[in-house]
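Here is the file work-v6.txt (compact mmCIF, C-alpha atoms and all ligand atoms).
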# COMPACT_ATOMS: atom_id res chain seq x y z
CA MET A 1 -32.52 27.07 91.25
CA PRO A 2 -29.78 26.25 88.74
CA LYS A 3 -30.47 27.37 85.19
CA SER A 4 -31.38 24.78 82.58
CA ILE A 5 -30.37 24.48 78.96
CA LEU A 6 -31.95 22.44 76.20
CA VAL A 7 -29.47 21.24 73.59
CA THR A 8 -30.72 19.52 70.45
CA GLY A 9 -28.23 17.25 68.72
CA SER A 10 -26.60 16.76 72.13
CA SER A 11 -24.66 13.66 71.04
CA GLY A 12 -23.06 15.48 68.12
CA LEU A 13 -19.89 17.54 67.99
CA ILE A 14 -21.25 20.96 68.89
CA GLY A 15 -24.16 19.74 71.01
CA SER A 16 -21.92 17.65 73.28
CA GLU A 17 -19.42 20.48 73.69
CA VAL A 18 -22.23 22.87 74.65
CA CYS A 19 -23.49 20.32 77.21
CA LEU A 20 -20.04 20.08 78.73
CA HIS A 21 -19.50 23.85 78.75
CA PHE A 22 -22.75 24.66 80.56
CA SER A 23 -22.49 21.69 82.90
CA GLU A 24 -19.14 23.04 84.11
CA ARG A 25 -20.99 26.28 84.92
CA GLY A 26 -23.57 24.49 87.05
CA TRP A 27 -26.47 24.40 84.59
CA ARG A 28 -28.92 21.49 84.33
CA ILE A 29 -28.60 19.95 80.90
CA HIS A 30 -31.36 18.44 78.75
CA GLY A 31 -30.24 16.83 75.51
CA PHE A 32 -32.46 15.82 72.58
CA ASP A 33 -30.86 13.31 70.20
CA ASN A 34 -32.08 10.16 68.48
CA ASN A 35 -28.73 9.14 66.91
CA GLN A 36 -30.05 10.17 63.51
CA ARG A 37 -26.43 10.71 62.41
CA ALA A 38 -26.10 6.90 62.22
CA VAL A 39 -29.15 6.83 59.92
CA PHE A 40 -27.69 9.58 57.72
CA PHE A 41 -24.14 8.19 57.52
CA GLY A 42 -24.24 4.57 58.67
CA PRO A 43 -22.37 3.03 61.63
CA GLN A 44 -19.35 5.35 61.20
CA GLY A 45 -21.62 8.27 62.05
CA ASP A 46 -23.00 6.64 65.20
CA THR A 47 -23.00 9.08 68.14
CA ARG A 48 -24.18 6.75 70.95
CA TRP A 49 -20.62 6.65 72.34
CA ASN A 50 -20.81 10.41 72.85
CA GLN A 51 -24.25 10.21 74.48
CA LYS A 52 -22.85 7.60 76.91
CA ARG A 53 -19.83 9.81 77.57
CA LEU A 54 -22.15 12.67 78.59
CA GLU A 55 -24.35 10.38 80.69
CA ASN A 56 -21.29 8.96 82.47
CA THR A 57 -19.45 12.22 83.06
CA LEU A 58 -22.01 15.03 83.50
CA ALA A 59 -23.96 14.75 86.74
CA THR A 60 -26.74 17.08 85.58
CA PHE A 61 -27.19 15.67 82.07
CA GLN A 62 -30.51 14.14 81.04
CA HIS A 63 -30.87 12.49 77.65
CA HIS A 64 -34.23 12.64 75.84
CA GLU A 65 -34.63 10.25 72.92
CA ILE A 66 -36.57 12.84 70.88
CA ASP A 67 -36.66 13.28 67.13
CA ILE A 68 -36.98 17.01 66.45
CA ARG A 69 -39.31 16.19 63.54
CA ASP A 70 -41.81 14.82 66.06
CA ARG A 71 -43.80 18.02 66.62
CA PRO A 72 -46.04 16.86 69.52
CA ALA A 73 -43.04 15.41 71.37
CA VAL A 74 -41.04 18.62 70.92
CA LEU A 75 -43.92 20.87 72.02
CA GLU A 76 -44.59 18.73 75.08
CA ALA A 77 -40.95 18.38 76.15
CA VAL A 78 -40.12 22.08 75.77
CA ALA A 79 -43.24 23.02 77.76
CA ALA A 80 -42.21 20.59 80.52
CA ILE A 81 -38.54 21.62 80.68
CA LYS A 82 -39.02 25.40 80.28
CA PRO A 83 -35.31 25.89 79.56
CA ASP A 84 -33.47 29.16 80.19
CA LEU A 85 -31.59 28.70 76.92
CA ILE A 86 -32.13 26.61 73.79
CA VAL A 87 -29.16 25.69 71.63
CA HIS A 88 -30.32 24.00 68.46
CA THR A 89 -27.59 21.97 66.78
CA ALA A 90 -29.48 18.87 65.55
CA ALA A 91 -29.33 18.65 61.79
CA GLN A 92 -28.75 16.69 58.65
CA PRO A 93 -25.36 18.39 58.32
CA SER A 94 -24.01 17.22 54.97
CA HIS A 95 -23.99 19.25 51.78
CA ASP A 96 -23.46 16.13 49.64
CA ARG A 97 -25.78 13.71 51.48
CA ALA A 98 -28.83 15.98 51.18
CA ALA A 99 -29.48 15.29 47.49
CA ALA A 100 -30.10 11.59 48.22
CA ILE A 101 -32.48 12.26 51.14
CA PRO A 102 -34.29 15.54 50.37
CA PHE A 103 -37.34 14.84 52.57
CA ASP A 104 -35.25 13.82 55.58
CA ASP A 105 -32.97 16.78 55.03
CA PHE A 106 -35.75 19.38 54.82
CA ASP A 107 -37.87 17.81 57.56
CA THR A 108 -34.92 17.80 59.94
CA ASN A 109 -33.27 21.10 59.08
CA ALA A 110 -36.20 23.34 58.24
CA VAL A 111 -39.30 21.77 59.83
CA GLY A 112 -37.43 20.60 62.96
CA THR A 113 -36.24 24.17 63.50
CA VAL A 114 -39.75 25.58 63.21
CA ASN A 115 -40.98 22.94 65.69
CA LEU A 116 -38.44 24.19 68.22
CA LEU A 117 -39.02 27.90 67.57
CA GLU A 118 -42.76 27.51 67.90
CA ALA A 119 -42.35 25.39 71.04
CA ALA A 120 -40.23 28.20 72.53
CA ARG A 121 -42.79 30.84 71.57
CA ARG A 122 -45.81 28.88 72.86
CA THR A 123 -44.06 28.31 76.16
CA ASN A 124 -43.59 32.09 76.43
CA LEU A 125 -39.97 31.47 77.15
CA GLU A 126 -38.56 34.76 75.90
CA LYS A 127 -35.21 33.11 76.54
CA PRO A 128 -32.25 33.00 74.13
CA PHE A 129 -32.49 30.62 71.20
CA VAL A 130 -29.21 29.92 69.40
CA PHE A 131 -29.29 28.16 66.05
CA LEU A 132 -26.30 26.54 64.39
CA SER A 133 -26.63 27.66 60.81
CA THR A 134 -23.92 27.27 58.16
CA ASN A 135 -21.80 29.21 55.71
CA LYS A 136 -23.53 27.16 53.01
CA VAL A 137 -26.41 29.66 53.27
CA TYR A 138 -24.17 31.82 51.05
CA GLY A 139 -24.25 29.02 48.48
CA ASP A 140 -21.44 29.05 45.95
CA ALA A 141 -21.51 32.87 45.68
CA PRO A 142 -18.15 33.19 47.53
CA ASN A 143 -16.64 31.39 44.50
CA ARG A 144 -17.38 34.51 42.43
CA ILE A 145 -14.86 36.55 44.43
CA LYS A 146 -11.63 37.14 42.51
CA LEU A 147 -9.05 34.66 43.80
CA GLN A 148 -5.30 34.29 43.67
CA GLU A 149 -3.58 30.91 43.54
CA LEU A 150 -0.77 30.58 46.05
CA GLU A 151 1.61 27.65 46.40
CA THR A 152 -0.56 25.59 48.75
CA ARG A 153 -3.90 27.45 48.86
CA TRP A 154 -6.35 29.77 47.19
CA ASP A 155 -6.90 33.20 48.71
CA TYR A 156 -9.08 36.22 48.02
CA ALA A 157 -7.50 38.67 45.57
CA ASP A 158 -10.19 41.27 46.32
CA GLY A 159 -9.16 43.54 49.22
CA GLN A 160 -12.81 43.90 50.24
CA TYR A 161 -12.59 40.37 51.69
CA GLU A 162 -9.16 40.54 53.32
CA HIS A 163 -10.83 39.80 56.70
CA GLY A 164 -13.13 37.15 55.23
CA ILE A 165 -16.82 36.87 54.41
CA PRO A 166 -19.08 39.26 56.37
CA GLU A 167 -22.71 38.66 57.40
CA THR A 168 -23.87 41.18 54.78
CA PHE A 169 -22.84 38.80 51.97
CA GLY A 170 -25.85 37.93 49.76
CA LEU A 171 -27.74 34.63 50.16
CA ASP A 172 -29.66 34.73 46.96
CA GLN A 173 -29.39 33.57 43.34
CA CYS A 174 -26.62 31.04 43.65
CA LEU A 175 -26.26 27.27 44.04
CA HIS A 176 -26.72 26.12 47.63
CA SER A 177 -27.13 22.33 47.54
CA LEU A 178 -30.36 21.05 49.09
CA PHE A 179 -28.64 21.18 52.48
CA GLY A 180 -27.74 24.87 52.03
CA ALA A 181 -31.33 25.60 50.99
CA SER A 182 -32.91 23.79 53.95
CA LYS A 183 -30.55 25.66 56.28
CA VAL A 184 -31.45 28.99 54.62
CA ALA A 185 -35.11 28.23 55.38
CA ALA A 186 -34.26 27.57 59.02
CA ASP A 187 -31.88 30.53 59.27
CA VAL A 188 -34.49 32.97 57.96
CA MET A 189 -37.14 31.50 60.30
CA VAL A 190 -34.83 31.93 63.30
CA GLN A 191 -34.25 35.56 62.29
CA GLU A 192 -37.99 36.02 61.79
CA TYR A 193 -38.89 34.72 65.26
CA GLY A 194 -36.42 37.32 66.52
CA ARG A 195 -37.69 40.23 64.43
CA TYR A 196 -41.41 39.39 64.23
CA PHE A 197 -42.01 37.94 67.71
CA GLY A 198 -39.12 39.60 69.55
CA LEU A 199 -37.51 36.32 70.64
CA PRO A 200 -33.81 36.67 71.47
CA THR A 201 -32.58 34.47 68.63
CA CYS A 202 -29.34 34.23 66.75
CA CYS A 203 -27.99 32.26 63.80
CA LEU A 204 -24.38 31.15 63.89
CA ARG A 205 -23.28 30.60 60.31
CA GLY A 206 -20.52 28.09 60.84
CA GLY A 207 -17.39 27.65 58.78
CA CYS A 208 -15.65 24.42 59.68
CA LEU A 209 -16.62 23.54 63.25
CA THR A 210 -14.41 20.84 64.61
CA GLY A 211 -12.93 19.19 67.65
CA PRO A 212 -11.99 15.91 69.27
CA ASN A 213 -15.55 14.64 69.69
CA HIS A 214 -16.65 14.59 66.07
CA SER A 215 -17.78 11.29 64.56
CA GLY A 216 -16.13 12.35 61.28
CA VAL A 217 -17.24 10.64 58.06
CA GLU A 218 -16.28 11.29 54.45
CA LEU A 219 -19.37 13.40 53.82
CA HIS A 220 -19.18 15.49 56.99
CA GLY A 221 -16.49 16.51 59.47
CA PHE A 222 -13.57 17.38 57.19
CA LEU A 223 -10.68 17.58 59.70
CA SER A 224 -11.89 14.75 61.91
CA TYR A 225 -12.23 12.44 58.90
CA LEU A 226 -8.91 13.54 57.41
CA VAL A 227 -7.07 12.78 60.66
CA LYS A 228 -8.83 9.42 60.96
CA CYS A 229 -7.73 8.48 57.44
CA ASN A 230 -4.16 9.51 58.20
CA LEU A 231 -4.00 7.44 61.39
CA GLU A 232 -5.56 4.39 59.71
CA GLU A 233 -3.38 4.92 56.62
CA ARG A 234 -6.58 4.97 54.64
CA GLU A 235 -6.90 6.74 51.29
CA TYR A 236 -8.43 10.23 51.45
CA THR A 237 -10.00 11.57 48.25
CA VAL A 238 -9.42 15.20 47.36
CA PHE A 239 -12.21 16.55 45.16
CA GLY A 240 -10.97 19.24 42.76
CA TYR A 241 -9.41 22.70 43.17
CA LYS A 242 -5.94 21.06 43.37
CA GLY A 243 -6.45 20.38 47.08
CA LYS A 244 -5.93 24.10 47.67
CA GLN A 245 -9.49 24.79 48.80
CA VAL A 246 -9.51 26.71 52.08
CA ARG A 247 -11.68 26.28 55.18
CA ASP A 248 -11.56 28.17 58.46
CA ASN A 249 -11.58 25.88 61.46
CA ILE A 250 -12.89 26.61 64.91
CA HIS A 251 -12.77 24.37 67.95
CA ALA A 252 -16.23 23.44 69.28
CA ALA A 253 -15.24 24.79 72.71
CA ASP A 254 -14.79 28.28 71.21
CA VAL A 255 -18.27 27.98 69.68
CA ALA A 256 -19.70 27.01 73.09
CA ALA A 257 -17.96 30.00 74.70
CA PHE A 258 -19.56 32.33 72.16
CA ILE A 259 -22.98 30.83 72.89
CA GLU A 260 -22.47 31.62 76.57
CA ALA A 261 -21.50 35.21 75.72
CA PHE A 262 -24.61 35.60 73.55
CA SER A 263 -26.93 34.08 76.15
CA ALA A 264 -25.61 36.46 78.82
CA ALA A 265 -26.39 39.52 76.64
CA PRO A 266 -28.78 38.35 73.92
CA ARG A 267 -30.02 40.32 70.93
CA CYS A 268 -33.00 39.61 68.66
CA GLY A 269 -32.75 38.09 65.20
CA GLU A 270 -28.96 38.39 64.99
CA VAL A 271 -26.66 36.64 62.54
CA TYR A 272 -22.96 35.90 63.01
CA ASN A 273 -20.40 34.19 60.82
CA ILE A 274 -18.48 31.87 63.12
CA GLY A 275 -15.32 30.07 62.11
CA GLY A 276 -11.63 30.16 62.80
CA GLY A 277 -11.13 33.26 60.66
CA LYS A 278 -8.15 33.70 58.39
CA ALA A 279 -5.66 32.94 61.20
CA ASN A 280 -7.06 29.42 61.62
CA SER A 281 -7.74 28.59 58.01
CA CYS A 282 -5.99 25.89 56.03
CA SER A 283 -6.21 24.21 52.67
CA ILE A 284 -6.49 20.43 52.35
CA LEU A 285 -2.83 20.24 51.28
CA GLU A 286 -1.83 22.29 54.34
CA ALA A 287 -3.97 20.04 56.55
CA PHE A 288 -2.08 17.00 55.21
CA THR A 289 1.26 18.60 56.09
CA LEU A 290 0.07 19.50 59.58
CA VAL A 291 -1.33 16.07 60.40
CA GLU A 292 1.75 14.32 58.98
CA SER A 293 3.95 16.45 61.26
CA MET A 294 1.95 15.27 64.28
CA THR A 295 1.49 11.57 63.51
CA GLY A 296 4.66 10.93 61.51
CA LYS A 297 2.50 9.06 58.98
CA PRO A 298 2.36 10.13 55.32
CA GLN A 299 -1.17 10.99 54.15
CA VAL A 300 -2.35 8.55 51.51
CA TYR A 301 -4.64 10.28 49.04
CA THR A 302 -6.02 10.30 45.53
CA TYR A 303 -7.09 13.26 43.50
CA ASP A 304 -10.45 13.46 41.73
CA GLU A 305 -10.63 16.35 39.21
CA GLN A 306 -14.37 16.69 39.85
CA SER A 307 -14.97 19.17 42.65
CA ARG A 308 -17.96 18.72 44.96
CA LYS A 309 -21.01 20.51 43.66
CA GLY A 310 -21.22 24.01 45.15
CA ASP A 311 -18.07 23.48 47.24
CA HIS A 312 -16.33 26.66 48.38
CA ILE A 313 -12.92 27.25 46.79
CA CYS A 314 -11.91 29.66 49.52
CA TYR A 315 -13.94 30.51 52.58
CA TYR A 316 -13.00 32.13 55.84
CA SER A 317 -15.28 34.05 58.18
CA ASP A 318 -14.98 37.71 58.99
CA LEU A 319 -15.15 37.59 62.80
CA ARG A 320 -15.24 41.35 63.37
CA LYS A 321 -19.00 41.60 64.04
CA MET A 322 -18.85 38.90 66.74
CA GLN A 323 -15.89 40.58 68.33
CA ALA A 324 -17.54 44.02 68.19
CA HIS A 325 -20.76 42.76 69.81
CA TYR A 326 -19.00 40.47 72.33
CA PRO A 327 -15.51 41.89 72.95
CA GLY A 328 -14.93 39.47 75.84
CA TRP A 329 -15.06 36.53 73.42
CA GLY A 330 -12.13 35.39 71.32
CA ILE A 331 -10.65 32.26 69.81
CA ARG A 332 -8.72 30.31 72.44
CA HIS A 333 -7.77 27.22 70.42
CA SER A 334 -5.28 27.65 67.59
CA LEU A 335 -5.43 25.46 64.50
CA GLU A 336 -2.41 23.45 65.74
CA ASP A 337 -3.96 22.94 69.16
CA THR A 338 -7.23 21.77 67.60
CA PHE A 339 -5.40 19.38 65.26
CA ARG A 340 -3.45 17.91 68.13
CA GLN A 341 -6.62 17.29 70.13
CA ILE A 342 -8.30 15.57 67.17
CA VAL A 343 -5.26 13.34 66.63
CA GLU A 344 -5.15 12.38 70.31
CA ALA A 345 -8.89 11.71 70.43
CA TRP A 346 -8.80 9.32 67.45
CA GLN A 347 -5.78 7.56 68.94
CA ARG A 348 -7.71 7.09 72.20
CA ARG A 349 -10.89 5.94 70.45
CA GLN A 350 -8.94 3.46 68.31
CA SER A 351 -7.08 2.03 71.28
CA THR A 352 -10.34 1.39 73.17
CA SER A 353 -12.39 0.04 70.25
N1 LIG B 401 -19.34 20.62 61.85
C1 LIG B 401 -19.29 21.56 60.93
O1 LIG B 401 -18.28 21.72 60.27
C2 LIG B 401 -20.44 22.50 60.74
C3 LIG B 401 -20.26 23.59 59.89
C4 LIG B 401 -21.31 24.49 59.71
C5 LIG B 401 -22.49 24.30 60.38
N2 LIG B 401 -22.65 23.23 61.19
C6 LIG B 401 -23.95 23.05 61.84
O2 LIG B 401 -23.74 22.88 63.23
C7 LIG B 401 -24.69 21.97 63.75
C8 LIG B 401 -24.00 20.89 64.52
O3 LIG B 401 -23.10 20.23 63.66
P1 LIG B 401 -22.26 18.99 64.19
O4 LIG B 401 -21.02 18.97 63.40
O5 LIG B 401 -22.23 19.00 65.67
O6 LIG B 401 -23.21 17.81 63.67
P2 LIG B 401 -23.31 16.31 64.22
O7 LIG B 401 -23.86 15.51 63.11
O8 LIG B 401 -22.03 15.91 64.88
O9 LIG B 401 -24.41 16.44 65.36
C9 LIG B 401 -25.78 16.58 65.09
C10 LIG B 401 -26.55 15.67 66.04
O10 LIG B 401 -27.93 15.85 65.77
C11 LIG B 401 -28.57 14.60 65.85
N3 LIG B 401 -29.78 14.65 65.03
C12 LIG B 401 -29.85 14.73 63.68
N4 LIG B 401 -31.13 14.71 63.29
C13 LIG B 401 -31.89 14.65 64.42
C14 LIG B 401 -33.28 14.62 64.66
N5 LIG B 401 -34.17 14.62 63.65
N6 LIG B 401 -33.71 14.59 65.94
C15 LIG B 401 -32.83 14.58 66.97
N7 LIG B 401 -31.48 14.58 66.80
C16 LIG B 401 -31.03 14.62 65.53
C17 LIG B 401 -27.54 13.60 65.31
O11 LIG B 401 -27.78 12.28 65.76
C18 LIG B 401 -26.23 14.18 65.85
O12 LIG B 401 -25.87 13.58 67.08
C19 LIG B 401 -25.53 21.50 62.57
O13 LIG B 401 -26.71 22.25 62.53
C20 LIG B 401 -24.67 21.82 61.38
O14 LIG B 401 -25.43 22.06 60.22
C21 LIG B 401 -21.65 22.32 61.40
In structure tokens, how does this file's structure come out?
Ligand SMILES: NC(=O)c1ccc[n+]([C@@H]2O[C@H](COP(=O)([O-])OP(=O)(O)OC[C@H]3O[C@@H](n4cnc5c(N)ncnc54)[C@H](O)[C@@H]3O)[C@@H](O)[C@H]2O)c1
Amino acid sequence: MPKSILVTGSSGLIGSEVCLHFSERGWRIHGFDNNQRAVFFGPQGDTRWNQKRLENTLATFQHHEIDIRDRPAVLEAVAAIKPDLIVHTAAQPSHDRAAAIPFDDFDTNAVGTVNLLEAARRTNLEKPFVFLSTNKVYGDAPNRIKLQELETRWDYADGQYEHGIPETFGLDQCLHSLFGASKVAADVMVQEYGRYFGLPTCCLRGGCLTGPNHSGVELHGFLSYLVKCNLEEREYTVFGYKGKQVRDNIHAADVAAFIEAFSAAPRCGEVYNIGGGKANSCSILEAFTLVESMTGKPQVYTYDEQSRKGDHICYYSDLRKMQAHYPGWGIRHSLEDTFRQIVEAWQRRQSTS
């Protein structure tokens, strides 16, 4: 019997990449998604195109129109599917959007996660459960690290963080945004199901997860949206920090590869910071230069002095724990490669729309 995987948020960036990755390895794929991204962000966030892409290209993919907030539906479907691996990526993913929709944000991110964890436990799965958490669980505390201002970016001036932010960084007593707080609730629950019940769970605290299949919008999907603006010669707004704020970017395929490594040798209640690391970090100004070099189009932008509330000034993940636990895993897609794929994907999507 082929193994089966349940992916929540299967029409989204990470979910769809995970579906593809495991389908190529012969797994049966079950995806839960109700296109809630279009509700959160409007038509620009619509992910039906990606659902159709999976349905048309993956022979073993089955879509389930399930809202993860619907507890009876989740319990019933998990019991029926009995997956060998659950990868939970469905979320309200925006820091900024959460304040306008606090109930939807918490119900999706926190309660939806508990629905899935409990469904896994009641089904006696004892199979790996991977949760896509976020670096926003650290709130704005990384902004307290001493920084140095370089020509095009901020960087840590404290040698303790030369490799980036480790998993031991504190979560507490800082500003998270409602999104960061709902993800903390889920993250701690996922750890708890690992420690308390012995489920093989892990939280992947993502930096900037990106790739060609993101439905990037202004409030979520930084690189995807930036490239889209460049190609459409649309104005991009930079919010504060002189455009020198730094994010570490990882291709969704490298995230999927890590999930495979974890599922092959799972641990209980683990936490990993997952991003591109320092080598694949860039500031917004550096991202402009890179995209301009690929499209030949100047980036049109305005500058708003007001930074986003709780936004990180400089963040890159310390990848050493992941690499120590899973030495066979490593980043395969460089920042340039990832950029190029995003550019080409938007060009394709625009030419067919
Ligand atoms: N992309 C990033 O930069 C980033 C960074 C850190 C963490 N993360 C986390 O990774 C995960 C995946 O992010 P992504 O970028 O793929 O997001 P995405 O928005 O592209 O995909 C999420 C999918 O979940 C679906 N969804 C949302 N609410 C749902 C619900 N109630 N029921 C069923 N489906 C629902 C959406 O329709 C969407 O297709 C999220 O948990 C996010 O918080 C992402």
Residues contacting ligand LIG 401 (chain B) - anything with an atom at most 7 Å away, using only C-alpha atoms and all ligand atoms - can you give me those as a tab-separated table (two decimals) with C-alpha atoms, keeping the file's coordinate frame?
chain	number	residue	atom	x	y	z
A	8	THR	CA	-30.72	19.52	70.45
A	9	GLY	CA	-28.23	17.25	68.72
A	10	SER	CA	-26.60	16.76	72.13
A	11	SER	CA	-24.66	13.66	71.04
A	12	GLY	CA	-23.06	15.48	68.12
A	13	LEU	CA	-19.89	17.54	67.99
A	14	ILE	CA	-21.25	20.96	68.89
A	15	GLY	CA	-24.16	19.74	71.01
A	32	PHE	CA	-32.46	15.82	72.58
A	33	ASP	CA	-30.86	13.31	70.20
A	34	ASN	CA	-32.08	10.16	68.48
A	35	ASN	CA	-28.73	9.14	66.91
A	36	GLN	CA	-30.05	10.17	63.51
A	37	ARG	CA	-26.43	10.71	62.41
A	38	ALA	CA	-26.10	6.90	62.22
A	47	THR	CA	-23.00	9.08	68.14
A	66	ILE	CA	-36.57	12.84	70.88
A	67	ASP	CA	-36.66	13.28	67.13
A	68	ILE	CA	-36.98	17.01	66.45
A	69	ARG	CA	-39.31	16.19	63.54
A	89	THR	CA	-27.59	21.97	66.78
A	90	ALA	CA	-29.48	18.87	65.55
A	91	ALA	CA	-29.33	18.65	61.79
A	92	GLN	CA	-28.75	16.69	58.65
A	93	PRO	CA	-25.36	18.39	58.32
A	108	THR	CA	-34.92	17.80	59.94
A	112	GLY	CA	-37.43	20.60	62.96
A	132	LEU	CA	-26.30	26.54	64.39
A	133	SER	CA	-26.63	27.66	60.81
A	134	THR	CA	-23.92	27.27	58.16
A	135	ASN	CA	-21.80	29.21	55.71
A	205	ARG	CA	-23.28	30.60	60.31
A	206	GLY	CA	-20.52	28.09	60.84
A	207	GLY	CA	-17.39	27.65	58.78
A	208	CYS	CA	-15.65	24.42	59.68
A	209	LEU	CA	-16.62	23.54	63.25
A	210	THR	CA	-14.41	20.84	64.61
A	214	HIS	CA	-16.65	14.59	66.07
A	215	SER	CA	-17.78	11.29	64.56
A	221	GLY	CA	-16.49	16.51	59.47
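Distances to Ser351 in chain A were evaluated for A:Val18, A:Ala181, A:Ala80, A:Leu231 using only C-alpha atoms, and the minimum falls at A:Leu231.
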Which residues come within 10 Å of Ile250 in chain A, counting all atoms listed in the file, excluding same-chain residues fewer than 4 positions away, as a PDB file with C-alpha atoms, in the coordinates of the input?
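Saved result, result25.pdb, follows:
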ATOM      1  CA  GLY A 206     -20.520  28.090  60.840  1.00  0.00           C
ATOM      2  CA  GLY A 207     -17.390  27.650  58.780  1.00  0.00           C
ATOM      3  CA  CYS A 208     -15.650  24.420  59.680  1.00  0.00           C
ATOM      4  CA  LEU A 209     -16.620  23.540  63.250  1.00  0.00           C
ATOM      5  CA  THR A 210     -14.410  20.840  64.610  1.00  0.00           C
ATOM      6  CA  GLY A 211     -12.930  19.190  67.650  1.00  0.00           C
ATOM      7  CA  ASP A 254     -14.790  28.280  71.210  1.00  0.00           C
ATOM      8  CA  VAL A 255     -18.270  27.980  69.680  1.00  0.00           C
ATOM      9  CA  ILE A 274     -18.480  31.870  63.120  1.00  0.00           C
ATOM     10  CA  GLY A 275     -15.320  30.070  62.110  1.00  0.00           C
ATOM     11  CA  GLY A 276     -11.630  30.160  62.800  1.00  0.00           C
ATOM     12  CA  GLY A 277     -11.130  33.260  60.660  1.00  0.00           C
ATOM     13  CA  ASN A 280      -7.060  29.420  61.620  1.00  0.00           C
ATOM     14  CA  SER A 281      -7.740  28.590  58.010  1.00  0.00           C
ATOM     15  CA  ILE A 331     -10.650  32.260  69.810  1.00  0.00           C
ATOM     16  CA  ARG A 332      -8.720  30.310  72.440  1.00  0.00           C
ATOM     17  CA  HIS A 333      -7.770  27.220  70.420  1.00  0.00           C
ATOM     18  CA  SER A 334      -5.280  27.650  67.590  1.00  0.00           C
ATOM     19  CA  LEU A 335      -5.430  25.460  64.500  1.00  0.00           C
ATOM     20  CA  THR A 338      -7.230  21.770  67.600  1.00  0.00           C
TER      21      THR A 338
END
With all atoms listed in the file as the counted atoms, please give the residues lying no more than 10 Å from range 313-323 of chain A, apart from itself and same-chain residues fewer than 3 positions off, as an mmCIF file with C-alpha atoms, in the coordinates of the input.
data_model
loop_
_atom_site.group_PDB
_atom_site.id
_atom_site.type_symbol
_atom_site.label_atom_id
_atom_site.label_comp_id
_atom_site.auth_asym_id
_atom_site.auth_seq_id
_atom_site.Cartn_x
_atom_site.Cartn_y
_atom_site.Cartn_z
ATOM 1 C CA ASN A 135 -21.800 29.210 55.710
ATOM 2 C CA ASP A 140 -21.440 29.050 45.950
ATOM 3 C CA PRO A 142 -18.150 33.190 47.530
ATOM 4 C CA ASN A 143 -16.640 31.390 44.500
ATOM 5 C CA ARG A 144 -17.380 34.510 42.430
ATOM 6 C CA ILE A 145 -14.860 36.550 44.430
ATOM 7 C CA LEU A 147 -9.050 34.660 43.800
ATOM 8 C CA GLN A 148 -5.300 34.290 43.670
ATOM 9 C CA ARG A 153 -3.900 27.450 48.860
ATOM 10 C CA TRP A 154 -6.350 29.770 47.190
ATOM 11 C CA ASP A 155 -6.900 33.200 48.710
ATOM 12 C CA TYR A 156 -9.080 36.220 48.020
ATOM 13 C CA TYR A 161 -12.590 40.370 51.690
ATOM 14 C CA GLU A 162 -9.160 40.540 53.320
ATOM 15 C CA HIS A 163 -10.830 39.800 56.700
ATOM 16 C CA GLY A 164 -13.130 37.150 55.230
ATOM 17 C CA ILE A 165 -16.820 36.870 54.410
ATOM 18 C CA PRO A 166 -19.080 39.260 56.370
ATOM 19 C CA GLU A 167 -22.710 38.660 57.400
ATOM 20 C CA LEU A 204 -24.380 31.150 63.890
ATOM 21 C CA ARG A 205 -23.280 30.600 60.310
ATOM 22 C CA GLY A 206 -20.520 28.090 60.840
ATOM 23 C CA GLY A 207 -17.390 27.650 58.780
ATOM 24 C CA CYS A 208 -15.650 24.420 59.680
ATOM 25 C CA GLY A 240 -10.970 19.240 42.760
ATOM 26 C CA TYR A 241 -9.410 22.700 43.170
ATOM 27 C CA LYS A 242 -5.940 21.060 43.370
ATOM 28 C CA GLY A 243 -6.450 20.380 47.080
ATOM 29 C CA LYS A 244 -5.930 24.100 47.670
ATOM 30 C CA GLN A 245 -9.490 24.790 48.800
ATOM 31 C CA VAL A 246 -9.510 26.710 52.080
ATOM 32 C CA ARG A 247 -11.680 26.280 55.180
ATOM 33 C CA ASP A 248 -11.560 28.170 58.460
ATOM 34 C CA ASN A 249 -11.580 25.880 61.460
ATOM 35 C CA PHE A 258 -19.560 32.330 72.160
ATOM 36 C CA PHE A 262 -24.610 35.600 73.550
ATOM 37 C CA VAL A 271 -26.660 36.640 62.540
ATOM 38 C CA TYR A 272 -22.960 35.900 63.010
ATOM 39 C CA ASN A 273 -20.400 34.190 60.820
ATOM 40 C CA ILE A 274 -18.480 31.870 63.120
ATOM 41 C CA GLY A 275 -15.320 30.070 62.110
ATOM 42 C CA GLY A 276 -11.630 30.160 62.800
ATOM 43 C CA GLY A 277 -11.130 33.260 60.660
ATOM 44 C CA LYS A 278 -8.150 33.700 58.390
ATOM 45 C CA ALA A 279 -5.660 32.940 61.200
ATOM 46 C CA ASN A 280 -7.060 29.420 61.620
ATOM 47 C CA SER A 281 -7.740 28.590 58.010
ATOM 48 C CA CYS A 282 -5.990 25.890 56.030
ATOM 49 C CA SER A 283 -6.210 24.210 52.670
ATOM 50 C CA SER A 307 -14.970 19.170 42.650
ATOM 51 C CA GLY A 310 -21.220 24.010 45.150
ATOM 52 C CA TYR A 326 -19.000 40.470 72.330
ATOM 53 C CA PRO A 327 -15.510 41.890 72.950
ATOM 54 C CA GLY A 328 -14.930 39.470 75.840
ATOM 55 C CA TRP A 329 -15.060 36.530 73.420
ATOM 56 C CA GLY A 330 -12.130 35.390 71.320
ATOM 57 C CA ILE A 331 -10.650 32.260 69.810
#
Contacts of Val188 in chain A at 10 Å (only C-alpha atoms; same-chain gap of 2+ positions) as JSON, numbers by chain:
{"A": [110, 133, 137, 183, 184, 185, 186, 190, 191, 192, 193, 194, 203, 269, 271]}
